[in-house]
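S.K.: Take this structure, written in structure tokens, and hold onto it; I'll ask about it next.
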Amino acid sequence: MVKTEREVVQFQQVDKVFNNEIIALSDFDLSIREGELVCFLGPSGCGKSTALRMVAGLGEATAGSVNVFGNHPKEMIKETNDIAFVFQDANLLPWRTVLDNVLLPLELRGGDKKEHKKEAIRVLEMVGLKDYLKAYPRQLSGGMKMRVSIARALAAKPKLLLMDEPFAALDEITRQTLQMELLDIWQKENMTILFVTHNVYEAVFLSTRIAVMSARPGRLTSLIDIDLPFPRQLSIRTDARFTEYVDLASEKLESGNEGRELV
Amino acid sequence: MVKTEREVVQFQQVDKVFNNEIIALSDFDLSIREGELVCFLGPSGCGKSTALRMVAGLGEATAGSVNVFGNHPKEMIKETNDIAFVFQDANLLPWRTVLDNVLLPLELRGGDKKEHKKEAIRVLEMVGLKDYLKAYPRQLSGGMKMRVSIARALAAKPKLLLMDEPFAALDEITRQTLQMELLDIWQKENMTILFVTHNVYEAVFLSTRIAVMSARPGRLTSLIDIDLPFPRQLSIRTDARFTEYVDLASEKLESGNEGRELV
Amino acid sequence: MSMPSVEVTKKQKLLTKKASVKENNVWSKFKQIYLGPIVAFFIFISIWQTVPVLLGLKHYILPKPTDVVNAVVQDWGLLWPAVQITVVESIMGFVVSAVIGIMVSVLLASSKMLERSIYPYAIILQTIPVVAVAPIVVIWFGAGFNSIVVISFLIGFFPVISNTLMGLNSVDKNMDDLFTLYNASKWQRMWKLRIPSALPYIMAGLKISCTLSIVGAIVGEYIAGIGGGKGGLGYSITVAAIQVKTPYLFACGIAAAMLGIGFYLLVSLFAKFMLRSWHESAMKVEK
Amino acid sequence: MSMPSVEVTKKQKLLTKKASVKENNVWSKFKQIYLGPIVAFFIFISIWQTVPVLLGLKHYILPKPTDVVNAVVQDWGLLWPAVQITVVESIMGFVVSAVIGIMVSVLLASSKMLERSIYPYAIILQTIPVVAVAPIVVIWFGAGFNSIVVISFLIGFFPVISNTLMGLNSVDKNMDDLFTLYNASKWQRMWKLRIPSALPYIMAGLKISCTLSIVGAIVGEYIAGIGGGKGGLGYSITVAAIQVKTPYLFACGIAAAMLGIGFYLLVSLFAKFMLRSWHESAMKVEK
Amino acid sequence: GGDETGSAAESEEEEVSDSASDSTESEEIQELESVKIVLNWFANAGHGGIYAADDQGYFAEKNLDVTIEPGGPQVSSIQMVSSGSAEFGLAHGDQIVIARNQGIELVALAAINQRSPQAFMFHKGHGIDDFDEINGRKAFIQPGIAYWEYFKSKYDLSDVNEVAFTGDHTNFIQDVDSVNQVYLTGEPFFMEQQGVETEVKLISDSGYDPYQYVLYVTKDYLEENEETVRNFVTAFSEGWEYFKETPTGTLELIHEHNPDQSMESLNYANETFEEFIYGGDAAEHGVGYMTEERWSTLINQLDEAGVMEVEVEATDIFTTEYLPEK
Ligand SMILES: Nc1ncnc2c1ncn2[C@@H]1O[C@H](COP(=O)(O)OP(=O)(O)OP(=O)(O)O)[C@@H](O)[C@H]1O
Ligand SMILES: Nc1ncnc2c1ncn2[C@@H]1O[C@H](COP(=O)(O)OP(=O)(O)OP(=O)(O)O)[C@@H](O)[C@H]1O
Ligand SMILES: [Mg+2]
Ligand SMILES: [Mg+2]
């Protein structure tokens with residue numbers, strides 16, 4: 001695991017306690033190198049979102065430290081401005097149209113408006129929403145809202161992309177298309193991606209590494225390196241090694257949560 | 001398809017047009033008999049939520065008619081009060097604790113408060129949230145919120161249960177547990193369930209019938225009767241027939257959306 | 001192959017059906033919207049007409065609507081110019097309240113420290129009796145129009161500030177996180193997040209303020225005098241009171257009230273327009 | 001097997017760490033919260049002290065803070081009872097405004113027809129100059145306390161109604177659907193959905209209304225007289241104005257303003273308490 | 001007014017206008033000096049002379065460009081004048097004394113009303129002969145008004161139900177036993193018009209009789225602008241002389257400014273005012289005349305009423321030096 005590549009995200013013995021009571025993360029230790037695509041698997045409520053939010057500087061560790069590009073996340077945000085987050089809920093601004101929602105991060109960063117608009121329309125087309133540029137969020141279906149949110153993150157062309165169950169509300173076909181698009185962008189732009197999912201297939205298909213977590217308190221139970229070739233084709237899903245990985249991940253997931261009824 | 005059983009939900013040539021422009025449903029025709037568990041499969045934005053909302057009386061058909069228990073849905077709600085809905089987003093009241101959120105439908109219906117509380121705690125335990133009775137929605141993870149929403153619907157013990165991607169935000173293990181619980185309740189209470197999902201396995205595992213939809217405009221492309229025995233065991237997933245059904249549903253889903261890039 | 005054409009006819013049908021339904025509904029819509037207010041108005045007027053008769057109140061105590069109408073007709077030449085003056089004063093007062101109110105709130109909301117330090121003085125400005133500061137206002141702004149506008153402002157600005165601040169501090173946490181993440185500057189956050197999401201509160205504040213600005217203009221004339229200019233409703237009311245022209249006094253009062261309703265409707269319309277595309281209070285939800 | 005104990009110590013550590021951090025922060029917290037206001041206060045007082053000197057304004061035009069303090073000390077025997085009376089009047093006025101305001105809004109919000117029919121009269125009550133209706137108020141409620149409370153109510157109730165109505169009409173569409181689905185009765189929907197989700201608006205309205213109620217009490221004393229009773233601040237202000245006792249007039253004004261701030265803080269505290277568990281404006285978000 | 005006063009005024013008018021034309025000749029190059037006068041109330045018949053002086057160009061002849069600013073219920077001319085936002089003001093005699101008591105150094109230059117038209121109004125048949133009779137009744141009195149303080153010190157009014165008077169008479173009309181402070185020149189007329197029969201008793205019957213509608217400036221202003229003050233007062237007197245003879249034009253002018261004041265009411269007020277303005281010492285000495293004795297009496301009365309905190313000399317507070325000699 002010791003590689004010379006730059007480490008993008010580093011969790012060091014992170015604890016996160018809410019309200020002095022709910023231990024969301026405990027002794028969380030993880031380093032993610034540049035260009036990795038790490039999927040987080042874990043039961044509901046185990047702290048995946050909490051971990052991602054900390055990377056984005058949206059939460060403070062109660063103990064331990066989180067570093068992003070070698071900085072405190074809040075510093076990093078101020079300096080590099082190279083991070084995007086697909087939140088678990090779409091989190092769109094209701095008073096902005098679809099297009100304007102996607103334009104938001106570009107607007108905040110500043111620059112040529114025409115370029116921005118082109119880029120925004122391009123990503124919206126990619127997620128299949130080019131006919132809804134002028135629609136307001138309330139006029140969209142659940143999956144469409146999530147896709148706008150994805151488009152918003154991708155339009156910003158971040159170096160570090162955090163995705164919290166981005167495809168959970170999408171049908172299998174849309175999901176596959178977007179998975180392929182994501183991998184494509186990831187490779188082209190040399191992004192680092194942290195990706196939360198409950199879908200083991202998705203995790204294996206996308207990631208270079210899977211982080212499996214257990215609940216109560218949220219701990220990292222195992223790390224699985226996915227040694228499948230890139231670019232990945234849909235056909236890989238029938239590959240034996242793929243199935244092996246899926247089984248392994250499922251098993252780790254289950255064993256990490258042994259003995260619990262639910263959560 | 002002609003059975004003597006009572007028909008619970010009837011779509012008759014339903015069209016739904018939003019803003020005189022977006023055709024969400026077109027010529028939608030479907031009858032659901034008492035005690036069925038029908039899963040809806042379809043691409044994002046094809047009108048699944050719209051269809052469910054109409055059944056719940058939360059939307060009017062632009063043309064055609066929707067009948068529930070032989071009545072207009074709005075009448076039905078007023079008369080029988082026997083319907084529950086798990087919305088696509090958790091839709092919890094932020095000023096109520098988890099327990100109070102689950103108590104809401106019981107409160108609205110009236111009756112013995114102690115009984116209600118017992119029942120609410122029971123379902124919350126079932127969805128694995130017994131430690132969060134006093135938490136507010138903002139203190140919960142995405143999946144936990146959805147589980148509160150599910151608990152709220154189940155606590156009402158409805159005759160007709162509408163579920164819009166209830167398990168999408170849950171991990172595989174929690175999901176399986178809840179699937180089993182749902183089937184259990186469904187059989188015990190002789191409910192009729194309409195269930196939207198993007199997960200073909202889930203659809204086949206749960207349903208008596210699968211309604212596959214296509215997008216733009218939302219149409220019913222095929223109905224698949226799932227002739228697998230109840231009670232269903234997890235082991236059924238390795239059954240050949242199960243896989244067949246999954247393949248069939250996937251194929252129908254794909255063919256219904258042939259030629260489209262996305263949506 | 002024939003499907004698309006069927007589709008089109010069907011859609012056509014739906015749309016035409018909708019249109020015809022609309023036409024049929026003109027009357028029922030009228031009933032729905034206007035019947036209530038009209039009935040209420042007649043009830044109100046009837047009660048008002050009968051109460052003085054029943055209680056034996058003379059017209060100089062509580063004039064009947066007919067007395068008031070007479071007074072309006074008779075003194076229209078006095079009333080109309082007064083109304084015009086008050087309209088101008090209160091519109092000015094309202095605009096100043098709105099602009100300064102929103103600007104100050106935005107400034108205060110930009111820093112907790114600023115809010116804590118300066119907000120109390122906004123409360124002071126609101127609560128300190130206008131009579132106490134009137135001389136200073138008059139000395140600084142001159143008797144008449146300017147002072148009246150200032151007093152109208154003093155009375156009308158606080159609801160804007162109070163509501164706007166509440167709104168600016170009610171931003172959805174998740175959206176706020178989004179802006180933090182994208183490293184939005186303080187002012188970007190203000191313009192693109194806090195102000196839009198405070199709009200419903202701002203609008204509610206403006207609705208209160210617009211009626212208060214009329215009260216302010218009237219009180220202003222009372223307190224700061226009319227300077228060299230012509231008097232508005234405040235002046236007319238004072239004179240009418242002294243001259244025991246109670247029906248005319250009521251006519252002035254009702255004129256003020258009607259101005260109030262007019263202003264309120266305008267501001268409501270504006271609020272609807274601003275919030276129409278997204279806020280529950282204003283948008284038409286199609287189900 | 002030893003895990004749990006490690007766990008416990010660690011947690012313990014976290015908690016104690018937090019506590020000690022808290023203690024160290026007392027001073028910085030003090031700085032954060034109180035330094036601004038204190039500095040602002042001194043700046044305000046210094047400006048106020050120097051402006052009259054610089055502009056050569058005599059104490060009977062714009063008294064200096066020292067003049068005001070003198071006046072307070074000298075006439076404390078007059079000021080203090082006046083403040084007490086005004087406090088009682090304005091609290092009564094506020095309570096009546098709040099209760100009637102909320103009740104009326106709830107009633108109006110329960111039917112669009114009712115709202116359209118009756119709301120205009122609320123605007124009329126707000127805009128019609130108090131001077132015009134004061135005689136009737138006095139006739140019906142008698143000069144003095146009751147009338148003053150009524151006038152304070154007339155001035156203070158509208159912000160409550162306007163804001164509450166806006167809030168009651170801003171219910172989240174999805175939650176509304178939930179209540180429709182569960183066949184909630186009109187009043188269940190009101191109590192369990194609309195009122196809770198209108199609370200932030202109601203609180204904002206109360207904040208405005210509480211300061212206005214003081215203005216109302218003062219105006220009320222001015223307009224409805226003091227009956228047989230003792231006079232409050234409004235009475236003192238009138239007398240001070242006529243006798244050109246400007247420093248005392250300012251003392252009264254500032255007393256009113258301080259009452260205003262006090263009321264506002266109380267109502268804010270109440271609002272925080274009511275909204276604390278869920279609304280962005282009041283809750284502490286732990287990140 | 002009588003014949004004698006009329007002729008006296010006429011002769012004076014010639015005299016004054018002569019001297020006026022003299023001064024304009026000598027100062028012809030000078031620009032008009034702008035000054036402002038704040039009235040004690042909305043323009044009415046009691047301000048006739050001032051409007052006449054303006055309208056007839058008497059001020060202009062004296063090189064003055066005068067802005068006349070009407071007052072109002074809460075407009076404090078004293079504060080405006082003392083702050084310098086107006087040069088001249090009108091106020092009641094007792095207000096000027098009280099202002100002096102607060103350290104505001106004003107000097108009265110002329111008194112428009114020789115006697116006070118302030119009065120108590122009663123419903124017909126409920127009037128009083130003696131002020132003690134007010135005791136036990138409801139009285140609508142503006143809080144803090146000076147004569148009421150004096151009355152309280154002189155008569156037994158312990159049982160009066162004192163209600164703030166705010167300009168509205170509705171409650172007075174309602175209660176036949178009540179007492180309302182009024183101006184003789186206004187309310188009784190309006191009451192009559194509404195068909196409410198009333199009777200009045202002048203405040204001055206008690207011996208408390210301050211000059212009313214007193215023209216004043218600040219002491220500082222007077223010291224630095226003696227010439228302007230002289231010019232102003234001269235034109236002011238001329239205005240009154242003119243107004244006394246031919247009030248109609250000026251009243252129409254006031255009516256134009258103030259359409260809410262009907263000509264009828266202005267005429268009534270003018271007629272009522274005549275006795276107060278042109279009678280008494282004014283008959284002999286001309287409009288605006290004041291005596292030290294009257295001022296001292298007033299100061300003493302206010303002192304008795306407990307309003308005064310400092311000692312005020314009557315001679316300090318007024319001067320007739322700028323009034324045209326008669
Ligand atoms: N703001 C908060 N206040 C209090 N507790 C919180 C807060 N946010 C999260 N938690 C708690 O922290 C734990 C982890 O939450 P988190 O959202 O990280 O879970 P998750 O792994 O993302 O789950 P899911 O898959 O359901 O989204 C949960 O027990 C939750 O109740
Ligand atoms: N309130 C609305 N106003 C306008 N258009 C709407 C509205 N609600 C839904 N639509 C449109 O109707 C179509 C179907 O929406 P619906 O929510 O039913 O999709 P869905 O099948 O539930 O999709 P998903 O799987 O993404 O939730 C979409 O094109 C959407 O844009
Ligand atoms: Mg999560
Ligand atoms: Mg949906």
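Chain labels run A, B, ... following the order of the structure tokens; each chain numbers its residues from 1, and ligands are numbered from 1 in the order shown.
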List all protein, DNA and RNA residues that have any atom at most 7 Å from ligand 3, counting only C-alpha atoms and all ligand atoms, and write the list as a PDB file with C-alpha atoms, in the first residue's frame.

M.R.:
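Result written to part11.pdb:
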```
ATOM      1  CA  GLY A  45     -25.969   5.067   9.214  1.00  0.00           C
ATOM      2  CA  GLY A  47     -20.841   7.222   8.802  1.00  0.00           C
ATOM      3  CA  LYS A  48     -20.154   7.257   5.078  1.00  0.00           C
ATOM      4  CA  SER A  49     -21.750  10.614   4.496  1.00  0.00           C
ATOM      5  CA  GLN A  88     -26.989  12.302  -0.932  1.00  0.00           C
ATOM      6  CA  ASP A 164     -22.723  10.184  -2.016  1.00  0.00           C
TER       7      ASP A 164
ATOM      8  CA  SER B 141     -28.481   9.682   7.843  1.00  0.00           C
ATOM      9  CA  GLY B 142     -30.218   9.475   4.477  1.00  0.00           C
ATOM     10  CA  GLY B 143     -31.029   5.808   4.845  1.00  0.00           C
TER      11      GLY B 143
END
```

S.K.: When you look at region 228-243 of chain D with a cut-off of 9 Å (counting only C-alpha atoms), what residues show up, excluding the ones that are within fewer than 5 positions of it in the same chain? I need them as a PyMOL selection string.

M.R.: (chain C and resi 129+131-132) or (chain D and resi 78-79+81-87+89+143-145+215+217-222+248-250+252-253+255-256) or (chain E and resi 74+76+95+98-99+102+142-146+160-164+307)

S.K.: Pick the closest to ligand 1 from A:Ile77, A:Leu52, A:Ala169, A:Leu248: which is it, counting only C-alpha atoms and all ligand atoms?

M.R.: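 Looking only at the distances to ligand 1, the closest residue turns out to be A:Leu52.
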
S.K.: Specify as a list in words all residues of chain C found within 6 Å of chain D, counting only C-alpha atoms.

M.R.: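 Residues satisfying the distance criterion: Gly36, Pro37, Ala40, Met113, Arg116, Ser117, Ile124, Thr127, Ile128, Pro129, Pro159, Asn163, Asn169, Ser170, Ala204, Ile208, Thr211, Val215, Gly253, Ala256, Ala257, Gly260, Glu280 and Ser281 of chain C.
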
S.K.: Point out the residue among A:Asp184, A:Asp227, A:Glu251, A:Asp131 with the least atom-to-atom distance to ligand 2, counting only C-alpha atoms and all ligand atoms.

M.R.: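 Distance minimum relative to ligand 2 lands on A:Asp131.
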
S.K.: Around ligand 1, at most 9 Å away and counting only C-alpha atoms and all ligand atoms, which residues are there? Put them as a ChimeraX atom specification, please.

M.R.: /A:16-19,21-25,41-53,88,164-165,196-198,213,215-218,263 /B:132,135-147,169-171 /D:285-287

S.K.: Counting only C-alpha atoms, which residues from chain B have an atom at most 10 Å from any atom of chain D, and could you show them as a ChimeraX atom specification?

M.R.: /B:53,56-59,73-74,76-87,89-97,104-109,135-139,156

S.K.: Pull N, CA and C atoms from the residues just selected and write them as a CSV table (one decimal), in the first residue's frame.

M.R.:
```
chain,number,residue,atom,x,y,z
B,53,ARG,N,-48.7,8.8,-7.3
B,53,ARG,CA,-49.4,9.9,-6.7
B,53,ARG,C,-50.8,10.0,-7.1
B,56,ALA,N,-52.9,7.9,-5.0
B,56,ALA,CA,-53.1,8.4,-3.7
B,56,ALA,C,-53.9,9.7,-3.7
B,57,GLY,N,-54.4,10.0,-4.9
B,57,GLY,CA,-55.3,11.2,-4.9
B,57,GLY,C,-54.5,12.5,-4.8
B,58,LEU,N,-53.2,12.4,-5.1
B,58,LEU,CA,-52.3,13.6,-5.0
B,58,LEU,C,-52.1,14.2,-6.4
B,59,GLY,N,-52.8,13.7,-7.4
B,59,GLY,CA,-52.6,14.3,-8.7
B,59,GLY,C,-53.8,13.8,-9.5
B,73,PRO,N,-59.9,8.4,-6.3
B,73,PRO,CA,-58.9,8.3,-5.1
B,73,PRO,C,-59.2,9.3,-4.0
B,74,LYS,N,-59.6,10.5,-4.4
B,74,LYS,CA,-59.9,11.5,-3.3
B,74,LYS,C,-61.0,11.1,-2.4
B,76,MET,N,-62.0,8.0,-2.0
B,76,MET,CA,-61.5,6.8,-1.3
B,76,MET,C,-60.8,7.2,0.0
B,77,ILE,N,-59.9,8.2,-0.2
B,77,ILE,CA,-59.1,8.7,1.0
B,77,ILE,C,-60.1,9.1,2.1
B,78,LYS,N,-61.1,9.9,1.7
B,78,LYS,CA,-62.0,10.4,2.6
B,78,LYS,C,-62.8,9.3,3.3
B,79,GLU,N,-63.1,8.3,2.5
B,79,GLU,CA,-64.0,7.3,3.1
B,79,GLU,C,-63.2,6.2,3.9
B,80,THR,N,-62.2,5.7,3.3
B,80,THR,CA,-61.6,4.5,3.9
B,80,THR,C,-60.4,4.8,4.8
B,81,ASN,N,-59.6,5.8,4.3
B,81,ASN,CA,-58.5,6.2,5.1
B,81,ASN,C,-57.5,5.0,5.3
B,82,ASP,N,-57.4,4.2,4.3
B,82,ASP,CA,-56.7,3.0,4.4
B,82,ASP,C,-55.5,2.9,3.4
B,83,ILE,N,-54.8,4.0,3.3
B,83,ILE,CA,-53.8,4.0,2.3
B,83,ILE,C,-52.5,4.6,3.0
B,84,ALA,N,-51.4,4.2,2.6
B,84,ALA,CA,-50.2,4.8,3.1
B,84,ALA,C,-49.2,4.9,1.9
B,85,PHE,N,-48.3,5.9,2.0
B,85,PHE,CA,-47.4,6.2,0.9
B,85,PHE,C,-46.0,6.4,1.5
B,86,VAL,N,-45.0,5.7,1.0
B,86,VAL,CA,-43.6,6.0,1.3
B,86,VAL,C,-43.1,6.8,0.1
B,87,PHE,N,-43.0,8.1,0.3
B,87,PHE,CA,-42.6,9.0,-0.8
B,87,PHE,C,-41.1,8.7,-1.2
B,89,ASP,N,-38.8,10.9,-1.5
B,89,ASP,CA,-37.9,11.5,-0.5
B,89,ASP,C,-38.6,11.2,0.9
B,90,ALA,N,-37.8,11.2,1.9
B,90,ALA,CA,-38.4,10.8,3.2
B,90,ALA,C,-39.6,11.6,3.7
B,91,ASN,N,-39.5,12.9,3.4
B,91,ASN,CA,-40.7,13.7,3.7
B,91,ASN,C,-41.1,13.7,5.2
B,92,LEU,N,-40.2,13.8,6.0
B,92,LEU,CA,-40.5,13.8,7.5
B,92,LEU,C,-40.7,15.3,7.9
B,93,LEU,N,-41.5,15.4,9.0
B,93,LEU,CA,-41.7,16.8,9.5
B,93,LEU,C,-40.5,17.1,10.4
B,94,PRO,N,-39.8,18.2,10.1
B,94,PRO,CA,-38.5,18.4,10.8
B,94,PRO,C,-38.7,18.8,12.2
B,95,TRP,N,-39.9,19.2,12.6
B,95,TRP,CA,-40.1,19.6,14.0
B,95,TRP,C,-40.6,18.5,14.9
B,96,ARG,N,-40.7,17.3,14.3
B,96,ARG,CA,-41.2,16.2,15.1
B,96,ARG,C,-40.0,15.2,15.2
B,97,THR,N,-39.9,14.5,16.4
B,97,THR,CA,-38.9,13.5,16.5
B,97,THR,C,-39.3,12.3,15.7
B,104,LEU,N,-47.5,10.2,13.5
B,104,LEU,CA,-48.4,11.1,12.8
B,104,LEU,C,-49.7,10.5,12.2
B,105,PRO,N,-49.5,9.5,11.3
B,105,PRO,CA,-50.8,8.9,10.7
B,105,PRO,C,-51.7,8.4,11.8
B,106,LEU,N,-51.2,7.8,12.8
B,106,LEU,CA,-52.0,7.2,13.8
B,106,LEU,C,-52.8,8.3,14.6
B,107,GLU,N,-52.0,9.4,14.9
B,107,GLU,CA,-52.6,10.6,15.5
B,107,GLU,C,-53.8,11.1,14.7
B,108,LEU,N,-53.5,11.2,13.4
B,108,LEU,CA,-54.5,11.8,12.5
B,108,LEU,C,-55.7,11.0,12.5
B,109,ARG,N,-55.5,9.7,12.6
B,109,ARG,CA,-56.7,8.8,12.5
B,109,ARG,C,-57.4,8.8,13.8
B,135,ALA,N,-34.6,11.3,18.3
B,135,ALA,CA,-33.8,12.1,17.4
B,135,ALA,C,-34.7,12.9,16.5
B,136,TYR,N,-34.2,14.0,16.0
B,136,TYR,CA,-34.9,14.8,15.0
B,136,TYR,C,-34.4,14.4,13.6
B,137,PRO,N,-35.2,14.5,12.6
B,137,PRO,CA,-34.8,14.1,11.3
B,137,PRO,C,-33.4,14.6,10.8
B,138,ARG,N,-33.1,15.8,11.2
B,138,ARG,CA,-31.8,16.4,10.8
B,138,ARG,C,-30.6,15.6,11.4
B,139,GLN,N,-30.9,14.8,12.4
B,139,GLN,CA,-29.8,14.1,13.0
B,139,GLN,C,-29.6,12.7,12.4
B,156,ALA,N,-49.3,2.6,10.0
B,156,ALA,CA,-50.7,2.9,9.7
B,156,ALA,C,-51.5,1.7,9.3
```

S.K.: Let me make sure I understand: among A:Leu220, A:Met180, A:Ala168, A:Ile210, which one has the smallest atom-to-atom distance to ligand 4 if we use only C-alpha atoms and all ligand atoms?

M.R.: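 Among A:Leu220, A:Met180, A:Ala168, A:Ile210, it is A:Ala168 that comes nearest to ligand 4.
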
S.K.: Tell me which of E:Gln194, E:Glu293, E:Ser206, E:Glu187 sits closest to Trp148 (chain E), counting only C-alpha atoms.

M.R.: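 Among E:Gln194, E:Glu293, E:Ser206, E:Glu187, it is E:Ser206 that comes nearest to Trp148 (chain E).
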
S.K.: Could you pull out the strand (DSSP E or B) residues of region 50-155 of chain A from DSSP and send them as a PDB file with N, CA, C and O atoms, in the first residue's frame?

M.R.:
```
ATOM      1  N   ALA A  63     -11.879  14.009  16.985  1.00  0.00           N
ATOM      2  CA  ALA A  63     -10.487  13.747  17.301  1.00  0.00           C
ATOM      3  C   ALA A  63      -9.818  13.234  16.033  1.00  0.00           C
ATOM      4  O   ALA A  63     -10.491  12.794  15.105  1.00  0.00           O
ATOM      5  N   GLY A  64      -8.518  13.274  15.993  1.00  0.00           N
ATOM      6  CA  GLY A  64      -7.816  12.877  14.791  1.00  0.00           C
ATOM      7  C   GLY A  64      -7.849  13.988  13.769  1.00  0.00           C
ATOM      8  O   GLY A  64      -8.313  15.090  14.047  1.00  0.00           O
ATOM      9  N   SER A  65      -7.358  13.690  12.559  1.00  0.00           N
ATOM     10  CA  SER A  65      -7.347  14.758  11.578  1.00  0.00           C
ATOM     11  C   SER A  65      -7.645  14.236  10.184  1.00  0.00           C
ATOM     12  O   SER A  65      -7.397  13.083   9.858  1.00  0.00           O
ATOM     13  N   VAL A  66      -8.216  15.121   9.394  1.00  0.00           N
ATOM     14  CA  VAL A  66      -8.469  14.820   7.989  1.00  0.00           C
ATOM     15  C   VAL A  66      -7.638  15.796   7.174  1.00  0.00           C
ATOM     16  O   VAL A  66      -7.645  16.994   7.457  1.00  0.00           O
ATOM     17  N   ASN A  67      -6.898  15.259   6.214  1.00  0.00           N
ATOM     18  CA  ASN A  67      -6.128  16.137   5.342  1.00  0.00           C
ATOM     19  C   ASN A  67      -6.534  15.928   3.904  1.00  0.00           C
ATOM     20  O   ASN A  67      -6.764  14.806   3.476  1.00  0.00           O
ATOM     21  N   VAL A  68      -6.602  17.013   3.168  1.00  0.00           N
ATOM     22  CA  VAL A  68      -6.907  16.915   1.750  1.00  0.00           C
ATOM     23  C   VAL A  68      -5.850  17.705   0.998  1.00  0.00           C
ATOM     24  O   VAL A  68      -5.595  18.865   1.334  1.00  0.00           O
ATOM     25  N   ASN A  71      -3.606  19.482   3.225  1.00  0.00           N
ATOM     26  CA  ASN A  71      -4.102  20.629   3.971  1.00  0.00           C
ATOM     27  C   ASN A  71      -5.304  20.247   4.828  1.00  0.00           C
ATOM     28  O   ASN A  71      -5.927  19.218   4.594  1.00  0.00           O
ATOM     29  N   ILE A  83     -12.846  20.970  -5.735  1.00  0.00           N
ATOM     30  CA  ILE A  83     -13.552  19.845  -5.149  1.00  0.00           C
ATOM     31  C   ILE A  83     -15.028  19.973  -5.510  1.00  0.00           C
ATOM     32  O   ILE A  83     -15.542  21.075  -5.680  1.00  0.00           O
ATOM     33  N   ALA A  84     -15.660  18.841  -5.712  1.00  0.00           N
ATOM     34  CA  ALA A  84     -17.100  18.888  -5.964  1.00  0.00           C
ATOM     35  C   ALA A  84     -17.757  17.761  -5.188  1.00  0.00           C
ATOM     36  O   ALA A  84     -17.112  16.773  -4.841  1.00  0.00           O
ATOM     37  N   PHE A  85     -19.032  17.934  -4.892  1.00  0.00           N
ATOM     38  CA  PHE A  85     -19.717  17.004  -4.003  1.00  0.00           C
ATOM     39  C   PHE A  85     -21.089  16.742  -4.600  1.00  0.00           C
ATOM     40  O   PHE A  85     -21.840  17.675  -4.878  1.00  0.00           O
ATOM     41  N   VAL A  86     -21.387  15.482  -4.824  1.00  0.00           N
ATOM     42  CA  VAL A  86     -22.767  15.134  -5.138  1.00  0.00           C
ATOM     43  C   VAL A  86     -23.382  14.657  -3.830  1.00  0.00           C
ATOM     44  O   VAL A  86     -23.037  13.583  -3.342  1.00  0.00           O
TER      45      VAL A  86
END
```

S.K.: Pick out the closest residue to ligand 4 from this set: B:Phe195, B:Ala61, B:Gly110, B:Gln12. Count only C-alpha atoms and all ligand atoms.

M.R.: B:Phe195

S.K.: For ligand 2, which of B:Ile224, B:Met163, B:Ile121, B:Ala153 is the closest residue, counting only C-alpha atoms and all ligand atoms?

M.R.: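 Looking only at the distances to ligand 2, the closest residue turns out to be B:Met163.
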